[in-house]
Structure formats: C-alpha cells, structure tokens
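See below for final-v5.pdb, which holds PDB, C-alpha atoms and all ligand atoms.
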MODEL        1
ATOM      1  CA  MET N   1    -117.574 -86.059  86.559  1.00  0.00           C
ATOM      2  CA  SER N   2    -120.340 -85.495  89.072  1.00  0.00           C
ATOM      3  CA  GLU N   3    -123.323 -83.415  88.118  1.00  0.00           C
ATOM      4  CA  ASP N   4    -124.406 -82.951  91.723  1.00  0.00           C
ATOM      5  CA  LYS N   5    -123.990 -79.386  92.887  1.00  0.00           C
ATOM      6  CA  ASN N   6    -122.028 -78.919  96.085  1.00  0.00           C
ATOM      7  CA  LEU N   7    -120.962 -75.802  97.898  1.00  0.00           C
ATOM      8  CA  GLU N   8    -117.318 -75.914  96.884  1.00  0.00           C
ATOM      9  CA  ASN N   9    -118.144 -77.043  93.343  1.00  0.00           C
ATOM     10  CA  LEU N  10    -115.937 -80.080  93.561  1.00  0.00           C
ATOM     11  CA  SER N  11    -116.082 -83.120  91.341  1.00  0.00           C
ATOM     12  CA  ASP N  12    -116.608 -86.485  93.053  1.00  0.00           C
ATOM     13  CA  THR N  13    -112.903 -87.230  92.683  1.00  0.00           C
ATOM     14  CA  TRP N  14    -111.945 -84.024  94.448  1.00  0.00           C
ATOM     15  CA  LEU N  15    -114.600 -84.505  97.113  1.00  0.00           C
ATOM     16  CA  ASN N  16    -113.124 -87.915  97.891  1.00  0.00           C
ATOM     17  CA  GLN N  17    -109.448 -87.067  97.657  1.00  0.00           C
ATOM     18  CA  GLY N  18    -109.018 -87.032 101.441  1.00  0.00           C
ATOM     19  CA  SER N  19    -105.854 -85.570 102.857  1.00  0.00           C
ATOM     20  CA  LYS N  20    -103.553 -85.873  99.866  1.00  0.00           C
ATOM     21  CA  PRO N  21    -101.366 -82.764  99.627  1.00  0.00           C
ATOM     22  CA  ILE N  22    -102.114 -80.509  96.692  1.00  0.00           C
ATOM     23  CA  SER N  23     -98.612 -81.026  95.293  1.00  0.00           C
ATOM     24  CA  TYR N  24     -99.626 -84.648  94.663  1.00  0.00           C
ATOM     25  CA  PHE N  25    -101.802 -83.421  91.774  1.00  0.00           C
ATOM     26  CA  CYS N  26     -99.316 -80.989  90.270  1.00  0.00           C
ATOM     27  CA  ALA N  27     -97.055 -81.298  87.313  1.00  0.00           C
ATOM     28  CA  ASP N  28     -94.844 -78.211  87.911  1.00  0.00           C
ATOM     29  CA  GLN N  29     -93.297 -78.616  84.475  1.00  0.00           C
ATOM     30  CA  TRP N  30     -90.763 -76.111  83.206  1.00  0.00           C
ATOM     31  CA  GLN N  31     -92.445 -76.413  79.793  1.00  0.00           C
ATOM     32  CA  TYR N  32     -95.451 -74.496  81.162  1.00  0.00           C
ATOM     33  CA  LEU N  33     -93.175 -71.507  81.699  1.00  0.00           C
ATOM     34  CA  HIS N  34     -91.464 -71.838  78.353  1.00  0.00           C
ATOM     35  CA  LEU N  35     -94.789 -72.128  76.502  1.00  0.00           C
ATOM     36  CA  PHE N  36     -96.256 -69.152  78.321  1.00  0.00           C
ATOM     37  CA  ASP N  37     -93.240 -67.007  77.400  1.00  0.00           C
ATOM     38  CA  LYS N  38     -93.383 -68.230  73.806  1.00  0.00           C
ATOM     39  CA  HIS N  39     -97.035 -67.241  73.322  1.00  0.00           C
ATOM     40  CA  PHE N  40     -97.397 -64.253  75.638  1.00  0.00           C
ATOM     41  CA  SER N  41     -94.023 -62.469  75.652  1.00  0.00           C
ATOM     42  CA  ASN N  42     -94.632 -58.772  76.481  1.00  0.00           C
ATOM     43  CA  PHE N  43     -97.933 -59.574  78.187  1.00  0.00           C
ATOM     44  CA  SER N  44     -99.386 -57.083  80.600  1.00  0.00           C
ATOM     45  CA  GLY N  45    -102.865 -56.884  82.056  1.00  0.00           C
ATOM     46  CA  LYS N  46    -105.364 -58.723  84.185  1.00  0.00           C
ATOM     47  CA  ILE N  47    -104.963 -62.482  84.562  1.00  0.00           C
ATOM     48  CA  LEU N  48    -107.341 -65.021  86.040  1.00  0.00           C
ATOM     49  CA  GLU N  49    -105.760 -68.395  86.815  1.00  0.00           C
ATOM     50  CA  VAL N  50    -108.114 -71.263  87.605  1.00  0.00           C
ATOM     51  CA  GLY N  51    -106.697 -74.054  89.767  1.00  0.00           C
ATOM     52  CA  PRO N  52    -102.989 -73.117  89.961  1.00  0.00           C
ATOM     53  CA  GLY N  53    -101.923 -76.040  92.177  1.00  0.00           C
ATOM     54  CA  THR N  54     -98.641 -74.982  93.779  1.00  0.00           C
ATOM     55  CA  GLY N  55     -98.694 -71.642  91.945  1.00  0.00           C
ATOM     56  CA  TYR N  56     -95.708 -72.657  89.828  1.00  0.00           C
ATOM     57  CA  LEU N  57     -96.832 -70.766  86.718  1.00  0.00           C
ATOM     58  CA  CYS N  58     -98.322 -67.876  88.692  1.00  0.00           C
ATOM     59  CA  LYS N  59     -95.009 -67.183  90.470  1.00  0.00           C
ATOM     60  CA  HIS N  60     -93.171 -67.184  87.152  1.00  0.00           C
ATOM     61  CA  ILE N  61     -95.650 -64.861  85.453  1.00  0.00           C
ATOM     62  CA  MET N  62     -95.728 -62.388  88.342  1.00  0.00           C
ATOM     63  CA  LYS N  63     -91.932 -62.293  88.470  1.00  0.00           C
ATOM     64  CA  SER N  64     -91.348 -62.061  84.729  1.00  0.00           C
ATOM     65  CA  TYR N  65     -94.210 -59.715  83.812  1.00  0.00           C
ATOM     66  CA  PRO N  66     -94.191 -56.996  86.453  1.00  0.00           C
ATOM     67  CA  GLY N  67     -97.422 -55.062  86.732  1.00  0.00           C
ATOM     68  CA  VAL N  68     -99.771 -57.917  85.862  1.00  0.00           C
ATOM     69  CA  GLU N  69    -102.875 -58.035  88.045  1.00  0.00           C
ATOM     70  CA  TYR N  70    -103.372 -61.605  89.183  1.00  0.00           C
ATOM     71  CA  THR N  71    -106.540 -63.311  90.394  1.00  0.00           C
ATOM     72  CA  ILE N  72    -106.642 -66.949  91.467  1.00  0.00           C
ATOM     73  CA  LEU N  73    -109.765 -69.102  91.587  1.00  0.00           C
ATOM     74  CA  ASP N  74    -109.290 -72.306  93.568  1.00  0.00           C
ATOM     75  CA  ILE N  75    -110.776 -74.363  96.366  1.00  0.00           C
ATOM     76  CA  LYS N  76    -110.390 -73.009  99.888  1.00  0.00           C
ATOM     77  CA  LYS N  77    -107.950 -75.701 101.025  1.00  0.00           C
ATOM     78  CA  ASN N  78    -105.608 -74.870  98.187  1.00  0.00           C
ATOM     79  CA  ILE N  79    -105.934 -71.125  98.604  1.00  0.00           C
ATOM     80  CA  ASP N  80    -104.781 -71.586 102.209  1.00  0.00           C
ATOM     81  CA  GLU N  81    -101.834 -73.707 101.068  1.00  0.00           C
ATOM     82  CA  LEU N  82    -100.880 -71.195  98.397  1.00  0.00           C
ATOM     83  CA  LYS N  83    -100.875 -68.357 100.897  1.00  0.00           C
ATOM     84  CA  ASN N  84     -99.140 -70.213 103.709  1.00  0.00           C
ATOM     85  CA  ARG N  85     -96.739 -72.438 101.883  1.00  0.00           C
ATOM     86  CA  TYR N  86     -96.156 -71.939  98.182  1.00  0.00           C
ATOM     87  CA  ILE N  87     -96.395 -68.283  97.233  1.00  0.00           C
ATOM     88  CA  PRO N  88     -94.013 -65.838  98.913  1.00  0.00           C
ATOM     89  CA  LYS N  89     -95.912 -63.496 101.247  1.00  0.00           C
ATOM     90  CA  GLU N  90     -94.938 -60.382  99.277  1.00  0.00           C
ATOM     91  CA  GLN N  91     -96.338 -61.881  96.070  1.00  0.00           C
ATOM     92  CA  ALA N  92     -99.446 -63.306  97.755  1.00  0.00           C
ATOM     93  CA  LYS N  93    -100.371 -59.832  99.005  1.00  0.00           C
ATOM     94  CA  LEU N  94    -100.725 -58.707  95.395  1.00  0.00           C
ATOM     95  CA  ILE N  95    -103.043 -61.565  94.378  1.00  0.00           C
ATOM     96  CA  LYS N  96    -106.825 -61.557  94.623  1.00  0.00           C
ATOM     97  CA  PHE N  97    -108.020 -65.012  95.731  1.00  0.00           C
ATOM     98  CA  ILE N  98    -111.509 -66.269  94.925  1.00  0.00           C
ATOM     99  CA  ASP N  99    -112.835 -69.365  96.625  1.00  0.00           C
ATOM    100  CA  SER N 100    -114.589 -71.894  94.374  1.00  0.00           C
ATOM    101  CA  ASN N 101    -117.808 -71.529  96.367  1.00  0.00           C
ATOM    102  CA  GLU N 102    -117.899 -67.888  95.260  1.00  0.00           C
ATOM    103  CA  TYR N 103    -116.756 -68.519  91.710  1.00  0.00           C
ATOM    104  CA  THR N 104    -119.446 -66.338  90.119  1.00  0.00           C
ATOM    105  CA  GLU N 105    -117.396 -63.376  91.408  1.00  0.00           C
ATOM    106  CA  ILE N 106    -115.154 -63.896  88.370  1.00  0.00           C
ATOM    107  CA  PHE N 107    -118.027 -62.877  86.087  1.00  0.00           C
ATOM    108  CA  LYS N 108    -117.953 -59.342  87.532  1.00  0.00           C
ATOM    109  CA  GLU N 109    -114.586 -58.615  85.917  1.00  0.00           C
ATOM    110  CA  LYS N 110    -113.249 -58.594  82.398  1.00  0.00           C
ATOM    111  CA  TYR N 111    -109.877 -60.335  82.149  1.00  0.00           C
ATOM    112  CA  ASP N 112    -107.140 -59.912  79.572  1.00  0.00           C
ATOM    113  CA  LEU N 113    -106.086 -63.529  79.957  1.00  0.00           C
ATOM    114  CA  VAL N 114    -107.368 -66.719  81.526  1.00  0.00           C
ATOM    115  CA  VAL N 115    -104.759 -69.330  82.455  1.00  0.00           C
ATOM    116  CA  SER N 116    -105.605 -72.871  83.440  1.00  0.00           C
ATOM    117  CA  THR N 117    -103.596 -76.088  83.421  1.00  0.00           C
ATOM    118  CA  PHE N 118    -105.120 -79.460  84.238  1.00  0.00           C
ATOM    119  CA  CYS N 119    -108.044 -78.067  86.172  1.00  0.00           C
ATOM    120  CA  LEU N 120    -111.338 -77.438  84.348  1.00  0.00           C
ATOM    121  CA  PRO N 121    -111.986 -81.025  83.203  1.00  0.00           C
ATOM    122  CA  GLU N 122    -111.468 -82.083  86.819  1.00  0.00           C
ATOM    123  CA  THR N 123    -114.381 -79.930  87.976  1.00  0.00           C
ATOM    124  CA  PRO N 124    -118.105 -80.737  87.634  1.00  0.00           C
ATOM    125  CA  GLU N 125    -119.631 -80.221  84.197  1.00  0.00           C
ATOM    126  CA  TYR N 126    -122.129 -77.582  85.377  1.00  0.00           C
ATOM    127  CA  TYR N 127    -119.172 -75.612  86.786  1.00  0.00           C
ATOM    128  CA  TRP N 128    -116.811 -75.593  83.821  1.00  0.00           C
ATOM    129  CA  LYS N 129    -119.741 -74.936  81.465  1.00  0.00           C
ATOM    130  CA  ASP N 130    -120.831 -71.937  83.516  1.00  0.00           C
ATOM    131  CA  ILE N 131    -117.269 -70.605  83.548  1.00  0.00           C
ATOM    132  CA  LEU N 132    -116.750 -71.015  79.807  1.00  0.00           C
ATOM    133  CA  ASP N 133    -120.213 -69.609  79.018  1.00  0.00           C
ATOM    134  CA  ASN N 134    -119.911 -66.521  81.171  1.00  0.00           C
ATOM    135  CA  ILE N 135    -116.299 -65.512  81.545  1.00  0.00           C
ATOM    136  CA  LYS N 136    -115.346 -62.253  79.872  1.00  0.00           C
ATOM    137  CA  VAL N 137    -111.808 -62.630  78.566  1.00  0.00           C
ATOM    138  CA  ASP N 138    -109.684 -61.567  75.598  1.00  0.00           C
ATOM    139  CA  ASN N 139    -107.036 -64.303  75.553  1.00  0.00           C
ATOM    140  CA  CYS N 140    -106.458 -67.752  76.955  1.00  0.00           C
ATOM    141  CA  PHE N 141    -103.618 -70.119  77.805  1.00  0.00           C
ATOM    142  CA  ILE N 142    -105.035 -73.537  78.627  1.00  0.00           C
ATOM    143  CA  ILE N 143    -103.269 -76.865  78.931  1.00  0.00           C
ATOM    144  CA  ASP N 144    -105.580 -79.773  79.493  1.00  0.00           C
ATOM    145  CA  ASP N 145    -107.299 -82.756  78.087  1.00  0.00           C
ATOM    146  CA  GLY N 146    -110.828 -83.942  78.722  1.00  0.00           C
ATOM    147  CA  LYS N 147    -111.559 -86.669  76.250  1.00  0.00           C
ATOM    148  CA  TRP N 148    -113.372 -88.823  78.793  1.00  0.00           C
ATOM    149  CA  CYS N 149    -116.152 -86.251  79.171  1.00  0.00           C
ATOM    150  CA  ALA N 150    -117.925 -83.558  77.207  1.00  0.00           C
ATOM    151  CA  TYR N 151    -115.247 -81.011  78.135  1.00  0.00           C
ATOM    152  CA  GLU N 152    -112.895 -81.200  75.192  1.00  0.00           C
ATOM    153  CA  ASN N 153    -115.453 -80.568  72.443  1.00  0.00           C
ATOM    154  CA  TYR N 154    -117.076 -77.828  74.498  1.00  0.00           C
ATOM    155  CA  ARG N 155    -113.711 -76.112  75.059  1.00  0.00           C
ATOM    156  CA  ASN N 156    -112.839 -76.300  71.364  1.00  0.00           C
ATOM    157  CA  GLN N 157    -116.185 -74.752  70.428  1.00  0.00           C
ATOM    158  CA  TRP N 158    -115.633 -72.023  73.028  1.00  0.00           C
ATOM    159  CA  LEU N 159    -112.205 -71.318  71.529  1.00  0.00           C
ATOM    160  CA  GLN N 160    -113.651 -71.027  68.044  1.00  0.00           C
ATOM    161  CA  ASN N 161    -116.522 -68.791  69.110  1.00  0.00           C
ATOM    162  CA  ASN N 162    -114.579 -66.414  71.304  1.00  0.00           C
ATOM    163  CA  PHE N 163    -111.107 -65.880  69.904  1.00  0.00           C
ATOM    164  CA  GLU N 164    -109.687 -64.695  66.644  1.00  0.00           C
ATOM    165  CA  SER N 165    -106.726 -66.982  66.411  1.00  0.00           C
ATOM    166  CA  THR N 166    -106.693 -70.397  67.898  1.00  0.00           C
ATOM    167  CA  ASP N 167    -104.365 -71.653  65.229  1.00  0.00           C
ATOM    168  CA  GLU N 168    -101.392 -71.652  67.557  1.00  0.00           C
ATOM    169  CA  THR N 169    -103.031 -74.483  69.418  1.00  0.00           C
ATOM    170  CA  GLU N 170    -100.487 -77.258  69.561  1.00  0.00           C
ATOM    171  CA  TRP N 171     -99.930 -80.682  70.997  1.00  0.00           C
ATOM    172  CA  ILE N 172     -97.164 -81.047  73.518  1.00  0.00           C
ATOM    173  CA  TYR N 173     -95.481 -84.386  73.822  1.00  0.00           C
ATOM    174  CA  ILE N 174     -92.988 -83.611  76.550  1.00  0.00           C
ATOM    175  CA  ILE N 175     -95.470 -82.758  79.305  1.00  0.00           C
ATOM    176  CA  THR N 176     -96.863 -85.839  80.910  1.00  0.00           C
ATOM    177  CA  GLY N 177    -100.442 -85.576  82.044  1.00  0.00           C
ATOM    178  CA  TYR N 178    -103.577 -87.616  81.822  1.00  0.00           C
ATOM    179  CA  GLU N 179    -102.499 -89.161  78.541  1.00  0.00           C
ATOM    180  CA  GLN N 180     -98.914 -89.884  77.677  1.00  0.00           C
ATOM    181  CA  LYS N 181     -99.609 -89.414  73.971  1.00  0.00           C
ATOM    182  CA  GLY N 182     -99.660 -85.654  74.130  1.00  0.00           C
ATOM    183  CA  ILE N 183    -101.369 -82.821  75.913  1.00  0.00           C
ATOM    184  CA  GLN N 184    -103.132 -80.024  74.130  1.00  0.00           C
ATOM    185  CA  LEU N 185    -102.136 -76.409  74.576  1.00  0.00           C
ATOM    186  CA  SER N 186    -105.013 -74.114  73.618  1.00  0.00           C
ATOM    187  CA  ILE N 187    -104.111 -70.539  72.860  1.00  0.00           C
ATOM    188  CA  GLY N 188    -106.811 -68.001  72.173  1.00  0.00           C
ATOM    189  CA  LYS N 189    -106.040 -64.433  71.154  1.00  0.00           C
ATOM    190  CA  LYS N 190    -108.434 -61.567  71.087  1.00  0.00           C
ATOM    191  CA  LYS N 191    -110.896 -60.960  68.275  1.00  0.00           C
TER     192      LYS N 191
HETATM  193  C1  LIG N 201    -104.651 -81.447  88.866  1.00  0.00           C
HETATM  194  S1  LIG N 201    -104.425 -79.974  89.837  1.00  0.00           S
HETATM  195  C2  LIG N 201    -103.481 -79.021  88.637  1.00  0.00           C
HETATM  196  C3  LIG N 201    -102.663 -77.975  89.309  1.00  0.00           C
HETATM  197  C4  LIG N 201    -101.774 -77.146  88.397  1.00  0.00           C
HETATM  198  N1  LIG N 201    -102.551 -76.228  87.578  1.00  0.00           N
HETATM  199  C5  LIG N 201    -100.893 -78.031  87.520  1.00  0.00           C
HETATM  200  O1  LIG N 201    -101.002 -77.953  86.280  1.00  0.00           O
HETATM  201  O2  LIG N 201    -100.063 -78.746  88.057  1.00  0.00           O
HETATM  202  C6  LIG N 201    -106.061 -79.236  89.797  1.00  0.00           C
HETATM  203  C7  LIG N 201    -106.185 -77.851  90.433  1.00  0.00           C
HETATM  204  O3  LIG N 201    -107.567 -77.460  90.361  1.00  0.00           O
HETATM  205  C8  LIG N 201    -107.999 -77.031  91.656  1.00  0.00           C
HETATM  206  N2  LIG N 201    -109.439 -77.253  91.729  1.00  0.00           N
HETATM  207  C9  LIG N 201    -110.136 -78.388  91.948  1.00  0.00           C
HETATM  208  N3  LIG N 201    -111.454 -78.132  91.907  1.00  0.00           N
HETATM  209  C10 LIG N 201    -111.593 -76.802  91.635  1.00  0.00           C
HETATM  210  C11 LIG N 201    -112.696 -75.933  91.470  1.00  0.00           C
HETATM  211  N4  LIG N 201    -113.945 -76.375  91.570  1.00  0.00           N
HETATM  212  N5  LIG N 201    -112.458 -74.626  91.176  1.00  0.00           N
HETATM  213  C12 LIG N 201    -111.194 -74.154  91.069  1.00  0.00           C
HETATM  214  N6  LIG N 201    -110.105 -74.944  91.224  1.00  0.00           N
HETATM  215  C13 LIG N 201    -110.304 -76.230  91.505  1.00  0.00           C
HETATM  216  C14 LIG N 201    -107.153 -77.838  92.615  1.00  0.00           C
HETATM  217  O4  LIG N 201    -107.118 -77.294  93.913  1.00  0.00           O
HETATM  218  C15 LIG N 201    -105.796 -77.747  91.897  1.00  0.00           C
HETATM  219  O5  LIG N 201    -105.190 -76.493  92.134  1.00  0.00           O
ENDMDL
END

Could you quickly redo this structure as structure tokens?
Amino acid sequence: MSEDKNLENLSDTWLNQGSKPISYFCADQWQYLHLFDKHFSNFSGKILEVGPGTGYLCKHIMKSYPGVEYTILDIKKNIDELKNRYIPKEQAKLIKFIDSNEYTEIFKEKYDLVVSTFCLPETPEYYWKDILDNIKVDNCFIIDDGKWCAYENYRNQWLQNNFESTDETEWIYIITGYEQKGIQLSIGKKK
C-alpha cells in the first residue's frame, strides 16, 4: 500500500479505482450480521464504523439495536452514496459522517465499539497505524485480512495490547474475501 500522504488518505489502489461503483467492492454477506449478533447481542453504546461500503452491517445494527449512536468514517464519494442511495434518509439523519480527510476527528471521542470489515488493510499504512495507535475504544468487531502487508501483525498486537479477551477471534470459511481459505474475525472486549 502507498506510503504517500494524500488529502483523502487513499491507498494507490483506491486512488486509481476510477468510476467503479462502491458496491463493486462490497461483500454484503449475511454472515456479517449473524456474527455481529453472536458476539454483541444486547449491545448498546457508541459505534464507529470504518469503511462501511453499502452500509449493510450499519443498517442491521441500527435497526436491531435501537439507541446505538453511530458514526461512519469513509471517503467523501462513499459518504455521498451512503446518504443518497444506500441508507434510508431517516436512518442517515441519525448518523454522524466523518470524511477520511478529517479522520483525526475520531480521536476526539471515546467509542464503545469499532466495527470494520475489509477496509483498514486497503488504506495507506500511515493511516491505519495512526487509527490503531490513537483510537479510544472498548470493544472491536473486525473482519479482514492483511497478510500482504504489515497490517495483520500490527492488528494482532493492537488486539493483545488493548483488549481483555481476544480469544473469541475465529476464522470464517464461509465468507469469501481476499483469500478463499478463510477470513479472520477479530473480536476485542473491554479490559
Ligand atoms: C472493500 S470495501 C469494504 C466495504 C464493506 N465494509 C464490506 O465489507 O463489504 C472498503 C471500504 O473502505 C472505504 N475506504 C477506502 N479508503 C478509506 C479511507 N481512507 N478511510 C475510510 N474508509 C475508506 C471504501 O469507501 C469502502 O467503504
């Protein structure tokens, strides 16, 4: 992934993606919803989701866990698509959107949960490192895989340093992603 800083904090791949619709990059797997409910039934509190794609998981969480406070961090193009196309207007009104060029805004809050699926390893290294180093959060629900770069080891270290139980971390073989051999679900629960 590119190390060059750019205003939107996009990796080279994302800078060069052209006009592909955001849905092109999304998995929208029902297993996301099932796994979230399995690990965070009864959840309430403040959620930050990084890179929600079509908002598939966000819509489910907001519907099933009334009262959650939802913040989305994404690139401007996708925030516009989420608001205009994917998330119902009534739901979108309740969400705080943060543009990736203002991502340090997320450090001003403490979150109860950070959610991210197939996003962080697709962002520049300086960006995901800054997020993992500085985010204040009690729990996490992360599905991704970043073996091709420094991401995966860094994320595992972050999990160990910041959460009490990461033992529920599991490999999922039904979700197809970067690698067909299995995608890692990382669950962190508060210390
Ligand atoms: C591969 S898609 C995954 C979408 C969805 N979470 C899923 O699992 O299907 C990557 C997501 O990350 C977002 N994204 C790309 N660069 C980003 C950045 N620098 N900060 C925040 N989100 C970013 C994209 O707009 C998109 O929503």

Distance query N:Gly45 at most 10 Å, only C-alpha atoms, self and fewer than 4 positions along chain excluded, as a list in words |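 Listing them by chain and then by number gives Tyr65, Pro66, Gly67, Val68, Glu69, Tyr70, Tyr111, Asp112 and Leu113 of chain N.
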
Box along x, y and z, 3 Å on every side, all listed atoms of ligand LIG 201 (chain N) inside: centre and edge lengths in Å to one decimal, as AutoDock Vina command-line options.
--center_x -107.0 --center_y -77.8 --center_z 90.1 --size_x 19.9 --size_y 13.3 --size_z 13.6

Exactly which residues make up the result of the PyMOL selection byres (((chain N and resi 64) around 12) and not hetatm) on this file, given as a list in words?
->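 On this input, the PyMOL selection byres (((chain N and resi 64) around 12) and not hetatm) captures Leu33, His34, Phe36, Asp37, Phe40, Ser41, Asn42, Phe43, Ser44, Leu57, Cys58, Lys59, His60, Ile61, Met62, Lys63, Tyr65, Pro66, Gly67 and Val68 of chain N.
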
Any chance you could tabulate, as a Markdown table, the residues of chain N at most 6 Å from ligand LIG 201 (chain N) with each one's nearest atom pair and distance in Å to one decimal, using all atoms listed in the file, in chain and rising number order?
| residue | atom | partner | partner_atom | distance |
| --- | --- | --- | --- | --- |
| N:Asn9 | CA | N:LIG201 | N4 | 4.6 |
| N:Leu10 | CA | N:LIG201 | N4 | 4.7 |
| N:Phe25 | CA | N:LIG201 | C1 | 4.5 |
| N:Cys26 | CA | N:LIG201 | O2 | 3.2 |
| N:Ala27 | CA | N:LIG201 | O2 | 4.0 |
| N:Asp28 | CA | N:LIG201 | O2 | 5.2 |
| N:Val50 | CA | N:LIG201 | C12 | 5.5 |
| N:Gly51 | CA | N:LIG201 | O3 | 3.6 |
| N:Pro52 | CA | N:LIG201 | N1 | 3.9 |
| N:Gly53 | CA | N:LIG201 | O5 | 3.3 |
| N:Leu73 | CA | N:LIG201 | C12 | 5.3 |
| N:Asp74 | CA | N:LIG201 | N6 | 3.6 |
| N:Ile75 | CA | N:LIG201 | N6 | 5.2 |
| N:Asn78 | CA | N:LIG201 | O4 | 5.1 |
| N:Ser100 | CA | N:LIG201 | N5 | 4.7 |
| N:Thr117 | CA | N:LIG201 | O1 | 4.3 |
| N:Phe118 | CA | N:LIG201 | C2 | 4.7 |
| N:Cys119 | CA | N:LIG201 | O3 | 4.3 |
| N:Thr123 | CA | N:LIG201 | N4 | 5.1 |

Which residue of N:Leu120, N:Val137, N:Ile72, N:Ile142 approaches N:Ser11 most closely, using all atoms listed in the file |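 The answer is N:Leu120, which sits nearest to N:Ser11.
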
Kindly resolve the PyMOL selection byres (((chain N and resi 105) around 12) and not hetatm) on the present coordinates and return the residues as number ranges by chain.
-> N: 48, 71-73, 96-104, 106-110, 131, 134-136

Distance of atom CA of N:Asp130 from atom CA of N:Gly188, expressed in Å to one decimal place =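 Going from atom CA of N:Gly188 over to atom CA of N:Asp130, I get 18.5 Å.
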
Using only C-alpha atoms, find the one residue out of N:Pro121, N:Thr176, N:Gln184, N:Cys140 that sits nearest to N:Tyr154.
-> N:Pro121

Please indicate the distance in Å from atom CA of N:Lys77 to atom CA of N:Lys93, rounded to one decimal place.
->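 Distance reported for this atom pair: 17.7 Å.
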
Exercise: N:Asp145 partners within 12 Å, all atoms listed in the file, chain neighbours under 3 positions left out, as a PyMOL selection string = chain N and resi 116-122+142+148-156+171-172+175-186

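You will find atom CA of N:Trp30 at 24.9 Å from atom CA of N:Ser165.
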